[in-house]
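Next comes run-v1.cif, a file with mmCIF, C-alpha atoms.
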data_start
#
loop_
_atom_site.label_atom_id
_atom_site.label_comp_id
_atom_site.auth_asym_id
_atom_site.auth_seq_id
_atom_site.Cartn_x
_atom_site.Cartn_y
_atom_site.Cartn_z
CA LEU A 1 0.00 0.00 0.00
CA LYS A 2 2.81 2.42 0.85
CA ARG A 3 4.52 1.57 -2.40
CA SER A 4 1.30 2.34 -4.27
CA TYR A 5 1.00 5.69 -2.45
CA ARG A 6 4.54 6.73 -3.39
CA CYS A 7 3.84 5.79 -7.01
CA HIS A 8 0.75 8.00 -7.11
CA VAL A 9 2.58 10.92 -5.50
CA ASN A 10 5.44 10.65 -7.99
CA THR A 11 2.97 10.47 -10.88
CA LEU A 12 1.18 13.57 -9.59
CA LEU A 13 4.40 15.54 -9.20
CA MET A 14 5.60 14.46 -12.65
CA LEU A 15 2.35 15.67 -14.25
CA LEU A 16 2.56 18.96 -12.34
CA GLY A 17 6.15 19.39 -13.50
CA ALA A 18 5.09 18.81 -17.10
CA THR A 19 2.27 21.34 -16.69
CA THR A 20 4.62 23.97 -15.28
CA VAL A 21 7.24 23.42 -18.00
CA THR A 22 4.56 23.68 -20.69
CA ALA A 23 3.31 26.91 -19.15
CA LEU A 24 6.84 28.34 -19.02
CA VAL A 25 7.28 27.59 -22.72
CA GLY A 26 4.59 30.22 -23.16
CA LEU A 27 7.23 32.81 -22.23
CA ILE A 28 8.55 32.41 -25.77
CA GLY A 29 5.13 33.22 -27.15
CA TYR A 30 4.71 36.19 -24.84
CA ALA A 31 8.09 37.56 -25.96
CA GLY A 32 7.04 37.14 -29.60
CA VAL A 33 3.81 39.08 -29.09
CA GLU A 34 5.63 41.91 -27.31
CA THR A 35 8.27 42.04 -30.06
CA GLY A 36 5.62 42.23 -32.78
CA PHE A 37 3.73 45.08 -31.14
CA LEU A 38 6.98 46.90 -30.37
CA ASP A 39 7.94 46.67 -34.06
CA LEU A 40 4.55 48.10 -35.03
CA SER A 41 4.86 51.03 -32.65
CA SER A 42 8.46 51.82 -33.60
CA GLY A 43 7.63 51.48 -37.32
CA VAL A 44 4.95 54.16 -37.13
CA ASP A 45 7.38 56.42 -35.27
CA GLN A 46 10.08 55.86 -37.93
CA VAL A 47 7.72 56.75 -40.81
CA THR A 48 6.58 59.84 -38.94
CA HIS A 49 10.18 60.91 -38.35
CA LEU A 50 10.91 60.46 -42.05
CA LEU A 51 7.98 62.57 -43.24
CA VAL A 52 8.09 65.37 -40.66
CA PRO A 53 11.41 66.78 -42.03
CA ALA A 54 10.04 66.50 -45.58
CA ARG A 55 7.03 68.57 -44.57
CA ALA A 56 9.22 71.18 -42.87
CA VAL A 57 11.57 71.48 -45.84
CA ALA A 58 8.65 71.77 -48.26
CA GLU A 59 7.10 74.55 -46.21
CA GLU A 60 10.41 76.43 -46.03
CA THR A 61 10.95 76.03 -49.77
CA ALA A 62 7.42 77.17 -50.58
CA ALA A 63 8.07 80.31 -48.54
CA LEU A 64 10.85 81.24 -51.00
CA ASP A 65 8.27 82.26 -53.60
CA ASN A 66 7.41 85.40 -51.64
CA ASN A 67 11.05 86.49 -51.57
CA MET A 68 11.45 85.65 -55.25
CA LEU A 69 8.34 87.65 -56.16
CA ALA A 70 9.64 90.57 -54.13
CA ASN A 71 12.95 90.49 -56.02
CA LEU A 72 11.15 90.22 -59.35
CA ASN A 73 9.18 93.33 -58.52
CA ASN A 74 12.39 95.13 -57.52
CA MET A 75 14.26 94.29 -60.73
CA ARG A 76 15.39 97.24 -62.78
CA SER A 77 13.46 97.95 -65.93
CA CYS A 78 15.05 96.79 -69.15
CA SER A 79 14.38 99.04 -72.13
CA VAL A 80 17.15 97.59 -74.32
CA TRP A 81 15.40 94.21 -74.64
CA PRO A 82 11.91 94.37 -76.18
CA PRO A 83 10.48 91.09 -74.71
CA ALA A 84 11.73 92.01 -71.22
CA ASN A 85 8.28 92.77 -69.78
CA ARG A 86 6.80 89.58 -71.23
CA GLN A 87 9.65 87.54 -69.74
CA LEU A 88 9.21 89.22 -66.39
CA ASP A 89 5.49 88.32 -66.32
CA ALA A 90 6.33 84.74 -67.29
CA MET A 91 8.89 84.48 -64.48
CA LYS A 92 6.34 85.78 -61.98
CA ALA A 93 3.81 83.18 -63.15
CA GLU A 94 6.40 80.40 -62.80
CA VAL A 95 7.34 81.51 -59.30
CA ASN A 96 3.66 81.44 -58.31
CA GLN A 97 3.27 77.97 -59.80
CA PHE A 98 6.40 76.80 -57.99
CA GLY A 99 4.98 78.06 -54.68
CA ARG A 100 1.66 76.31 -55.30
CA GLU A 101 3.32 72.97 -56.07
CA LEU A 102 5.54 73.12 -53.00
CA ARG A 103 2.60 74.01 -50.79
CA GLN A 104 0.72 71.00 -52.13
CA VAL A 105 3.72 68.84 -51.27
CA ALA A 106 3.72 70.29 -47.77
CA VAL A 107 -0.03 69.72 -47.47
CA SER A 108 0.30 66.12 -48.69
CA THR A 109 3.05 65.25 -46.26
CA ASN A 110 1.25 67.12 -43.49
CA GLU A 111 -1.96 65.12 -44.07
CA THR A 112 -0.01 61.87 -44.05
CA VAL A 113 1.85 62.79 -40.87
CA SER A 114 -1.36 64.01 -39.23
CA PHE A 115 -3.10 60.74 -40.11
CA LEU A 116 -0.29 58.72 -38.55
CA LEU A 117 -0.27 60.91 -35.44
CA GLU A 118 -4.05 60.69 -35.09
CA LEU A 119 -3.84 56.92 -35.19
CA ASP A 120 -1.57 57.14 -32.12
CA VAL A 121 -0.58 53.49 -32.44
CA PRO A 122 1.67 53.47 -29.33
CA LYS A 123 -1.17 54.77 -27.15
CA PHE A 124 -3.62 52.29 -28.72
CA LEU A 125 -1.29 49.38 -28.02
CA SER A 126 -0.50 50.59 -24.51
CA LYS A 127 -4.20 50.31 -23.61
CA TYR A 128 -3.91 46.54 -24.03
CA ASP A 129 -0.58 46.11 -22.25
CA LEU A 130 -2.27 45.26 -18.95
CA LEU A 131 -4.71 42.85 -20.63
CA ARG A 132 -1.90 41.01 -22.42
CA ARG A 133 0.09 40.67 -19.21
CA VAL A 134 -2.91 39.49 -17.20
CA VAL A 135 -3.88 36.95 -19.87
CA PHE A 136 -0.40 35.46 -19.66
CA ILE A 137 0.67 35.93 -16.04
CA PHE A 138 -2.61 35.00 -14.29
CA PRO A 139 -2.93 31.51 -15.88
CA LEU A 140 0.78 30.88 -15.21
CA ALA A 141 0.28 31.92 -11.60
CA CYS A 142 -2.66 29.49 -11.34
CA VAL A 143 -0.54 26.62 -12.67
CA VAL A 144 2.29 27.41 -10.26
CA GLY A 145 -0.22 27.78 -7.42
CA VAL A 146 -1.74 24.36 -8.09
CA GLY A 147 1.75 22.87 -8.17
CA LEU A 148 2.82 24.45 -4.87
CA CYS A 149 -0.44 23.54 -3.11
CA SER A 150 -0.30 19.91 -4.25
CA TYR A 151 3.35 19.57 -3.28
CA ALA A 152 2.70 21.06 0.16
CA THR A 153 -0.36 18.91 0.84
CA THR A 154 1.39 15.70 -0.20
CA ARG A 155 4.30 16.54 2.08
CA LEU A 156 1.88 17.25 4.92
CA ASN A 157 -0.16 14.11 4.13
CA SER A 158 -3.32 16.23 3.94
CA ALA A 159 -6.07 14.49 2.05
CA ASN A 160 -8.40 17.49 2.53
CA GLY A 161 -5.74 19.80 1.14
CA LEU A 162 -5.39 17.69 -1.98
CA ARG A 163 -9.16 17.52 -2.38
CA PHE A 164 -9.44 21.30 -2.16
CA THR A 165 -6.54 21.79 -4.59
CA PHE A 166 -7.88 19.47 -7.28
CA VAL A 167 -11.62 19.70 -6.69
CA CYS A 168 -11.81 23.53 -6.36
CA PHE A 169 -8.52 25.14 -7.38
CA ALA A 170 -7.57 23.03 -10.42
CA PRO A 171 -10.98 23.36 -12.21
CA VAL A 172 -10.83 27.15 -11.78
CA CYS A 173 -7.30 27.08 -13.18
CA ILE A 174 -8.47 24.99 -16.16
CA LEU A 175 -11.27 27.52 -16.83
CA VAL A 176 -8.82 30.43 -16.65
CA LEU A 177 -6.42 28.67 -19.02
CA MET A 178 -9.18 27.94 -21.54
CA LEU A 179 -10.42 31.55 -21.47
CA SER A 180 -6.87 32.80 -21.91
CA ALA A 181 -6.25 30.36 -24.75
CA SER A 182 -9.42 31.55 -26.51
CA PHE A 183 -8.14 35.13 -26.28
CA GLU A 184 -4.78 34.11 -27.75
CA ILE A 185 -6.46 32.13 -30.55
CA GLY A 186 -8.62 35.16 -31.36
CA GLY A 187 -5.56 37.40 -31.54
CA ALA A 188 -3.75 34.94 -33.82
CA LEU A 189 -6.78 34.66 -36.14
CA VAL A 190 -7.22 38.44 -36.41
CA LEU A 191 -3.56 39.00 -37.25
CA SER A 192 -3.61 36.06 -39.69
CA ASP A 193 -6.50 37.68 -41.55
CA VAL A 194 -4.50 40.91 -41.74
CA CYS A 195 -1.42 39.08 -42.97
CA ILE A 196 -3.29 37.46 -45.88
CA ASP A 197 -3.35 40.85 -47.64
CA PRO A 198 -1.89 43.56 -45.37
CA GLN A 199 -1.89 46.21 -48.09
CA LYS A 200 -5.63 45.81 -48.74
CA VAL A 201 -6.44 45.95 -45.03
CA THR A 202 -4.29 49.06 -44.58
CA LEU A 203 -5.84 50.85 -47.56
CA ASP A 204 -9.34 49.98 -46.34
CA VAL A 205 -8.56 51.52 -42.96
CA VAL A 206 -7.11 54.66 -44.59
CA SER A 207 -9.99 55.06 -47.07
CA ASN A 208 -12.58 54.68 -44.31
CA THR A 209 -10.78 57.35 -42.29
CA VAL A 210 -9.79 60.01 -44.84
CA GLY A 211 -11.87 59.13 -47.92
CA LYS A 212 -11.19 57.41 -51.21
CA ASN A 213 -10.02 60.54 -53.08
CA SER A 214 -7.44 61.64 -50.55
CA LEU A 215 -3.76 62.15 -51.29
CA VAL A 216 -3.05 60.21 -48.10
CA LEU A 217 -4.67 57.13 -49.63
CA GLU A 218 -2.59 57.56 -52.81
CA ALA A 219 0.56 57.94 -50.73
CA PHE A 220 -0.17 54.78 -48.71
CA ALA A 221 -0.95 52.83 -51.89
CA PHE A 222 2.43 53.84 -53.31
CA TYR A 223 4.61 53.39 -50.24
CA THR A 224 3.30 49.91 -49.42
CA THR A 225 4.36 48.56 -52.84
CA CYS A 226 6.72 51.15 -54.38
CA ALA A 227 4.80 50.57 -57.62
CA GLY A 228 3.27 53.27 -59.75
CA THR A 229 3.74 57.01 -59.31
CA ASN A 230 4.46 58.72 -56.06
CA PRO A 231 1.82 61.47 -55.81
CA ILE A 232 4.14 63.65 -53.74
CA GLN A 233 7.10 63.08 -56.05
CA SER A 234 5.02 64.05 -59.09
CA LYS A 235 4.37 67.47 -57.57
CA LEU A 236 8.08 67.84 -56.84
CA THR A 237 8.84 66.97 -60.45
CA THR A 238 6.41 69.65 -61.65
CA ALA A 239 7.99 72.19 -59.30
CA ASN A 240 11.46 71.22 -60.55
CA ILE A 241 10.39 71.69 -64.18
CA THR A 242 8.92 75.07 -63.28
CA LEU A 243 12.18 76.16 -61.66
CA ALA A 244 14.14 74.96 -64.69
CA GLY A 245 12.00 77.21 -66.93
CA PHE A 246 12.42 80.07 -64.51
CA ASP A 247 16.19 79.53 -64.49
CA SER A 248 16.43 79.73 -68.28
CA LYS A 249 14.38 82.92 -68.39
CA LEU A 250 16.43 84.47 -65.60
CA GLU A 251 19.68 83.66 -67.39
CA GLU A 252 18.30 85.23 -70.53
CA TRP A 253 17.23 88.32 -68.61
CA ALA A 254 20.68 88.62 -67.00
CA ALA A 255 22.39 88.31 -70.38
CA PHE A 256 20.39 91.12 -71.99
CA CYS A 257 19.46 93.38 -69.08
CA ASP A 258 22.14 92.87 -66.41
CA SER A 259 25.30 91.77 -68.12
CA THR A 260 27.38 93.61 -65.50
CA LYS A 261 25.54 91.81 -62.63
CA SER A 262 24.93 95.12 -60.95
CA ASP A 263 21.23 94.53 -60.21
CA PRO A 264 20.97 93.13 -56.62
CA ALA A 265 17.50 91.76 -57.33
CA VAL A 266 18.88 89.50 -60.08
CA VAL A 267 21.74 88.35 -57.86
CA ASN A 268 19.27 87.53 -55.07
CA LEU A 269 17.04 85.63 -57.48
CA GLN A 270 19.93 83.50 -58.67
CA ARG A 271 20.90 82.71 -55.09
CA GLU A 272 17.32 81.86 -54.14
CA LEU A 273 16.95 79.72 -57.23
CA THR A 274 20.02 77.68 -56.27
CA GLU A 275 18.69 77.35 -52.73
CA ALA A 276 15.25 76.25 -53.96
CA LEU A 277 16.73 73.56 -56.21
CA GLY A 278 18.80 72.22 -53.32
CA GLU A 279 15.73 72.12 -51.05
CA LEU A 280 13.76 70.28 -53.73
CA ASN A 281 16.45 67.61 -53.85
CA ARG A 282 16.31 67.28 -50.04
CA VAL A 283 12.53 66.81 -50.10
CA SER A 284 12.87 64.28 -52.90
CA GLU A 285 15.36 62.24 -50.84
CA LEU A 286 13.20 62.38 -47.72
CA ILE A 287 10.10 61.02 -49.47
CA GLU A 288 11.85 58.18 -51.29
CA CYS A 289 9.95 54.92 -51.22
CA SER A 290 12.70 52.49 -50.20
CA PRO A 291 13.21 53.69 -46.57
CA ILE A 292 9.47 53.77 -45.88
CA GLN A 293 8.83 50.42 -47.54
CA SER A 294 11.68 48.93 -45.52
CA VAL A 295 9.87 50.02 -42.36
CA TRP A 296 6.61 48.62 -43.76
CA ASN A 297 8.21 45.23 -44.45
CA THR A 298 9.69 45.14 -40.95
CA VAL A 299 6.38 45.99 -39.29
CA VAL A 300 4.21 43.66 -41.35
CA GLY A 301 6.57 40.82 -42.20
CA SER A 302 8.81 40.52 -39.18
CA GLY A 303 6.66 42.19 -36.54
CA LEU A 304 2.98 41.32 -36.98
CA CYS A 305 2.96 38.34 -39.34
CA ASN A 306 5.94 36.57 -37.82
CA SER A 307 6.61 37.47 -34.19
CA ALA A 308 3.09 38.41 -33.08
CA VAL A 309 1.22 35.60 -34.87
CA SER A 310 3.78 33.01 -33.75
CA GLY A 311 3.64 34.37 -30.20
CA PHE A 312 -0.16 34.19 -30.00
CA THR A 313 -0.09 30.67 -31.47
CA ILE A 314 2.53 29.42 -28.99
CA LEU A 315 0.58 30.92 -26.09
CA ALA A 316 -2.67 29.35 -27.28
CA VAL A 317 -1.08 25.91 -27.74
CA THR A 318 0.73 25.91 -24.39
CA GLN A 319 -2.29 27.13 -22.46
CA THR A 320 -4.54 24.57 -24.15
CA LEU A 321 -2.05 21.79 -23.37
CA CYS A 322 -1.87 22.91 -19.75
CA ALA A 323 -5.64 23.05 -19.40
CA SER A 324 -6.77 19.95 -21.27
CA PRO A 325 -4.44 16.98 -20.73
CA TRP A 326 -1.99 17.92 -18.01
CA LEU A 327 -4.20 19.40 -15.32
CA PHE A 328 -6.93 16.86 -16.11
CA LEU A 329 -4.45 14.01 -15.62
CA CYS A 330 -3.18 15.72 -12.46
CA THR A 331 -6.72 15.71 -11.08
CA ILE A 332 -7.08 11.99 -11.79
CA ALA A 333 -3.69 11.24 -10.24
CA ALA A 334 -4.57 13.33 -7.19
CA SER A 335 -7.79 11.37 -6.66
CA PHE A 336 -5.74 8.20 -6.27
CA THR A 337 -3.21 10.00 -4.07
CA TRP A 338 -5.63 11.34 -1.47
CA ARG A 339 -7.20 7.86 -1.16
CA ARG A 340 -3.80 6.51 -0.21
CA LEU A 341 -2.85 9.31 2.18
CA PRO A 342 -4.33 7.77 5.40
CA HIS A 343 -2.70 4.39 4.69
CA GLY A 344 -0.99 4.18 8.17
CA ASP A 345 -4.08 5.04 10.22
CA GLU A 346 -6.18 2.92 7.93
CA HIS A 347 -3.94 -0.07 8.73
CA LYS A 348 -4.21 0.54 12.49
CA THR A 349 -7.95 1.06 12.36
CA SER A 350 -8.51 -2.08 10.35
CA SER A 351 -6.38 -4.00 12.86
CA LEU A 352 -8.41 -2.76 15.82
CA ASN A 353 -11.74 -3.41 14.17
CA ARG A 354 -10.77 -6.90 13.08
CA ALA A 355 -12.59 -9.74 15.04
CA PRO A 356 -10.35 -11.40 17.67
CA ALA A 357 -8.85 -14.77 16.85
CA PRO A 358 -10.69 -17.67 18.46
CA ALA A 359 -9.11 -18.89 21.68
CA ALA A 360 -7.53 -22.25 21.99
CA GLY A 361 -10.12 -24.92 21.90
CA MET A 362 -12.81 -22.68 20.60
CA LEU A 363 -14.32 -23.23 17.21
CA PRO A 364 -15.68 -20.46 15.07
CA SER A 365 -19.16 -21.86 15.50
CA GLY A 366 -18.93 -21.53 19.29
CA GLU A 367 -18.42 -25.18 20.01
CA TYR A 368 -15.85 -26.26 22.55
CA ARG A 369 -13.64 -29.30 22.54
CA LEU A 370 -12.44 -31.05 25.64
CA LEU A 371 -9.08 -32.67 25.44
CA VAL A 372 -9.18 -36.01 27.32
CA ASN A 373 -6.08 -37.99 28.23
CA ASP A 374 -5.96 -41.40 26.77
CA SER A 375 -6.13 -44.10 29.42
CA MET A 376 -3.03 -45.64 28.04
CA GLY A 377 -1.02 -42.41 28.52
CA GLY A 378 -1.17 -41.63 24.86
CA GLU A 379 -2.30 -38.46 23.17
CA ARG A 380 -5.41 -36.56 24.23
CA SER A 381 -8.46 -36.93 22.06
CA PRO A 382 -10.95 -34.10 21.61
CA ILE A 383 -14.58 -34.47 22.69
CA SER A 384 -17.00 -31.97 21.26
CA ARG A 385 -19.85 -30.49 23.27
#
Could you spell out this file's structure in structure tokens?
Amino acid sequence: LKRSYRCHVNTLLMLLGATTVTALVGLIGYAGVETGFLDLSSGVDQVTHLLVPARAVAEETAALDNNMLANLNNMRSCSVWPPANRQLDAMKAEVNQFGRELRQVAVSTNETVSFLLELDVPKFLSKYDLLRRVVFIFPLACVVGVGLCSYATTRLNSANGLRFTFVCFAPVCILVLMLSASFEIGGALVLSDVCIDPQKVTLDVVSNTVGKNSLVLEAFAFYTTCAGTNPIQSKLTTANITLAGFDSKLEEWAAFCDSTKSDPAVVNLQRELTEALGELNRVSELIECSPIQSVWNTVVGSGLCNSAVSGFTILAVTQTLCASPWLFLCTIAASFTWRRLPHGDEHKTSSLNRAPAPAAGMLPSGEYRLLVNDSMGGERSPISR
């Protein structure tokens, strides 16, 4: 009986050890989920930091048109060149067009940045930090608690303690594990649906937020694939062409009307033109597709569709394994264990309650035998009464 008791205790502790190890494997899944959400949050921050300087540079460059118009108005009259006035009007029109294009670039980048900031992905994810930690830590604490309680009660030879642990505590722990596993499975399914076509899901979210005819939607459609025409870059190209036309007209004006370079307005215009072209190149570099798409691939491929989905899946599998087979088998093993716990007292009690052995000469039926000496001195023969 004692050997059977030790066998049941060892089986129980082995199953509890397997349950705890399985639960601890969930740490890998938890780390994967945290890594995926951290990649998402940092990716949004990186895209924002890329576009904010582009917006600032575009606004500064667009402000140059006012200075250029002021210098055009201050240029000396040129009577020696007949088409001078017509050229001057054309240059003013090109400066105005340049300003409009750059302001549209600034507006486009500003709308995109504002959309990303309004999403406030880090704040949205932080709202679920506590829920994610509770869903992981609370079931793990239940498993560890069941293990500690069962170990303590077996060491104390407490049958009531084992009954409480596996009749009350373990079923609650199984329920908590199943609810937690359902949450993890739901998270994995949602992210898996997103990962089937992340670009379509992203564009649907953007179109529902800002409308289908927005430049923000066009920008997202371009940056997620780097295919087609960048709507912001096309405006920069138009502005660059406008400045190239302005440059040729200004050179022509300088050749005919200011060959000695004595007009300060012309000198200022040439300097501002060089500055504007340099700023256009800076904006063009800042809105290139490759850096933003690299962030997109990291967020979607490595972050959400790899780390987060794998993490949720590992958590769901480990919590289901803990709840279904291991704790269930622990409960069965514990039922045998607490039956064997009072084996010493049970042995004493059964010995005390056992009927006394019949005395010498007494038969179980209550008959007595008299032992009579043989008259010849031989052995005594029994006589029943």
Explicit residues for the PyMOL selection byres ((chain A and resi 221-233) around 10) (as a ChimeraX atom specification): /A:101-102,104-109,198-200,202-203,206,215-220,234-239,283-285,287-297
Nearest residue to A:Pro82 from the set A:Asn96, A:Cys257, A:Cys330, A:Ser302 (distances using all atoms listed in the file): A:Cys257
Would you mind listing what lies within 9 Å of A:Leu72 as a PDB file with C-alpha atoms, keeping the file's coordinate frame, with all atoms listed in the file counted and same-chain residues fewer than 4 positions away left out?
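Okay, around-v6.pdb is ready:
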ATOM      1  CA  ASN A  67      11.050  86.490 -51.570  1.00  0.00           C
ATOM      2  CA  MET A  68      11.450  85.650 -55.250  1.00  0.00           C
ATOM      3  CA  ARG A  76      15.390  97.240 -62.780  1.00  0.00           C
ATOM      4  CA  LEU A  88       9.210  89.220 -66.390  1.00  0.00           C
ATOM      5  CA  MET A  91       8.890  84.480 -64.480  1.00  0.00           C
ATOM      6  CA  LYS A  92       6.340  85.780 -61.980  1.00  0.00           C
ATOM      7  CA  ALA A 265      17.500  91.760 -57.330  1.00  0.00           C
ATOM      8  CA  VAL A 266      18.880  89.500 -60.080  1.00  0.00           C
ATOM      9  CA  LEU A 269      17.040  85.630 -57.480  1.00  0.00           C
TER      10      LEU A 269
END
Evaluate the PyMOL selection byres ((chain A and resi 322) around 12) and report residues as a PyMOL selection string: chain A and resi 15-26+139-140+142-144+146+170-171+173-178+180-181+315-321+323-330
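Matched in the shown structure by the PyMOL selection byres ((chain A and resi 245) around 12): Gln87, Ala90, Met91, Lys92, Ala93, Glu94, Val95, Gln97, Phe98, Thr238, Ala239, Asn240, Ile241, Thr242, Leu243, Ala244, Phe246, Asp247, Ser248, Lys249, Leu250, Glu251, Glu252 and Leu273 of chain A.
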Would you mind exporting the chosen residues as a compact mmCIF listing (two decimals), in the coordinates of the input, restricted to C-alpha atoms?
# COMPACT_ATOMS: atom_id res chain seq x y z
CA GLN A 87 9.65 87.54 -69.74
CA ALA A 90 6.33 84.74 -67.29
CA MET A 91 8.89 84.48 -64.48
CA LYS A 92 6.34 85.78 -61.98
CA ALA A 93 3.81 83.18 -63.15
CA GLU A 94 6.40 80.40 -62.80
CA VAL A 95 7.34 81.51 -59.30
CA GLN A 97 3.27 77.97 -59.80
CA PHE A 98 6.40 76.80 -57.99
CA THR A 238 6.41 69.65 -61.65
CA ALA A 239 7.99 72.19 -59.30
CA ASN A 240 11.46 71.22 -60.55
CA ILE A 241 10.39 71.69 -64.18
CA THR A 242 8.92 75.07 -63.28
CA LEU A 243 12.18 76.16 -61.66
CA ALA A 244 14.14 74.96 -64.69
CA PHE A 246 12.42 80.07 -64.51
CA ASP A 247 16.19 79.53 -64.49
CA SER A 248 16.43 79.73 -68.28
CA LYS A 249 14.38 82.92 -68.39
CA LEU A 250 16.43 84.47 -65.60
CA GLU A 251 19.68 83.66 -67.39
CA GLU A 252 18.30 85.23 -70.53
CA LEU A 273 16.95 79.72 -57.23
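Among the candidates A:Leu148, A:Leu179, A:Cys305, A:Ala56, the one nearest to A:Leu280 when counting all atoms listed in the file is A:Ala56.
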Between atom CA of A:Ala141 and atom CA of A:Leu162 - distance in Å to one decimal: 18.1 Å
Counting all atoms listed in the file, the residue of A:Phe115, A:Ala152, A:Trp81, A:Trp253 that sits nearest A:Val210: A:Phe115
Distance query stretch 121-129 of chain A at most 10 Å, only C-alpha atoms, self and fewer than 2 positions along chain excluded, as an MDAnalysis selection string: chainID A and resid 34 37:38 40:45 116:119 131:134
Just write the chosen residues, C-alpha atoms, as a PDB file, in the coordinates of the input.
ATOM      1  CA  GLU A  34       5.630  41.910 -27.310  1.00  0.00           C
ATOM      2  CA  PHE A  37       3.730  45.080 -31.140  1.00  0.00           C
ATOM      3  CA  LEU A  38       6.980  46.900 -30.370  1.00  0.00           C
ATOM      4  CA  LEU A  40       4.550  48.100 -35.030  1.00  0.00           C
ATOM      5  CA  SER A  41       4.860  51.030 -32.650  1.00  0.00           C
ATOM      6  CA  SER A  42       8.460  51.820 -33.600  1.00  0.00           C
ATOM      7  CA  GLY A  43       7.630  51.480 -37.320  1.00  0.00           C
ATOM      8  CA  VAL A  44       4.950  54.160 -37.130  1.00  0.00           C
ATOM      9  CA  ASP A  45       7.380  56.420 -35.270  1.00  0.00           C
ATOM     10  CA  LEU A 116      -0.290  58.720 -38.550  1.00  0.00           C
ATOM     11  CA  LEU A 117      -0.270  60.910 -35.440  1.00  0.00           C
ATOM     12  CA  GLU A 118      -4.050  60.690 -35.090  1.00  0.00           C
ATOM     13  CA  LEU A 119      -3.840  56.920 -35.190  1.00  0.00           C
ATOM     14  CA  LEU A 131      -4.710  42.850 -20.630  1.00  0.00           C
ATOM     15  CA  ARG A 132      -1.900  41.010 -22.420  1.00  0.00           C
ATOM     16  CA  ARG A 133       0.090  40.670 -19.210  1.00  0.00           C
ATOM     17  CA  VAL A 134      -2.910  39.490 -17.200  1.00  0.00           C
TER      18      VAL A 134
END
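Each of A:Ser150, A:Ala255, A:Val201, A:Thr260 was checked against A:Asn10 using only C-alpha atoms; the smallest atom-to-atom distance is that of A:Ser150.
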Because the input lacks atoms here, generate N, CA, C and O atoms for stretch 174-184 of chain A and report them as a tab-separated table (two decimals), keeping the file's coordinate frame.
chain	number	residue	atom	x	y	z
A	174	ILE	N	-8.19	25.48	-14.80
A	174	ILE	CA	-8.47	24.99	-16.16
A	174	ILE	C	-9.37	25.99	-16.89
A	174	ILE	O	-9.14	26.30	-18.07
A	175	LEU	N	-10.39	26.52	-16.20
A	175	LEU	CA	-11.27	27.52	-16.83
A	175	LEU	C	-10.50	28.77	-17.23
A	175	LEU	O	-10.68	29.30	-18.33
A	176	VAL	N	-9.62	29.25	-16.34
A	176	VAL	CA	-8.82	30.43	-16.65
A	176	VAL	C	-7.92	30.18	-17.85
A	176	VAL	O	-7.78	31.02	-18.75
A	177	LEU	N	-7.30	29.01	-17.89
A	177	LEU	CA	-6.42	28.67	-19.02
A	177	LEU	C	-7.19	28.60	-20.33
A	177	LEU	O	-6.72	29.07	-21.37
A	178	MET	N	-8.40	28.04	-20.31
A	178	MET	CA	-9.18	27.94	-21.54
A	178	MET	C	-9.63	29.31	-22.02
A	178	MET	O	-9.61	29.60	-23.22
A	179	LEU	N	-10.04	30.19	-21.08
A	179	LEU	CA	-10.42	31.55	-21.47
A	179	LEU	C	-9.22	32.31	-22.04
A	179	LEU	O	-9.34	33.02	-23.04
A	180	SER	N	-8.07	32.14	-21.41
A	180	SER	CA	-6.87	32.80	-21.91
A	180	SER	C	-6.48	32.27	-23.28
A	180	SER	O	-6.11	33.04	-24.18
A	181	ALA	N	-6.59	30.95	-23.45
A	181	ALA	CA	-6.25	30.36	-24.75
A	181	ALA	C	-7.20	30.85	-25.84
A	181	ALA	O	-6.77	31.09	-26.98
A	182	SER	N	-8.48	31.03	-25.51
A	182	SER	CA	-9.42	31.55	-26.51
A	182	SER	C	-9.06	32.97	-26.92
A	182	SER	O	-9.18	33.35	-28.09
A	183	PHE	N	-8.60	33.77	-25.94
A	183	PHE	CA	-8.14	35.13	-26.28
A	183	PHE	C	-6.93	35.09	-27.21
A	183	PHE	O	-6.87	35.84	-28.21
A	184	GLU	N	-5.98	34.21	-26.92
A	184	GLU	CA	-4.78	34.11	-27.75
A	184	GLU	C	-5.14	33.60	-29.15
A	184	GLU	O	-4.59	34.08	-30.16
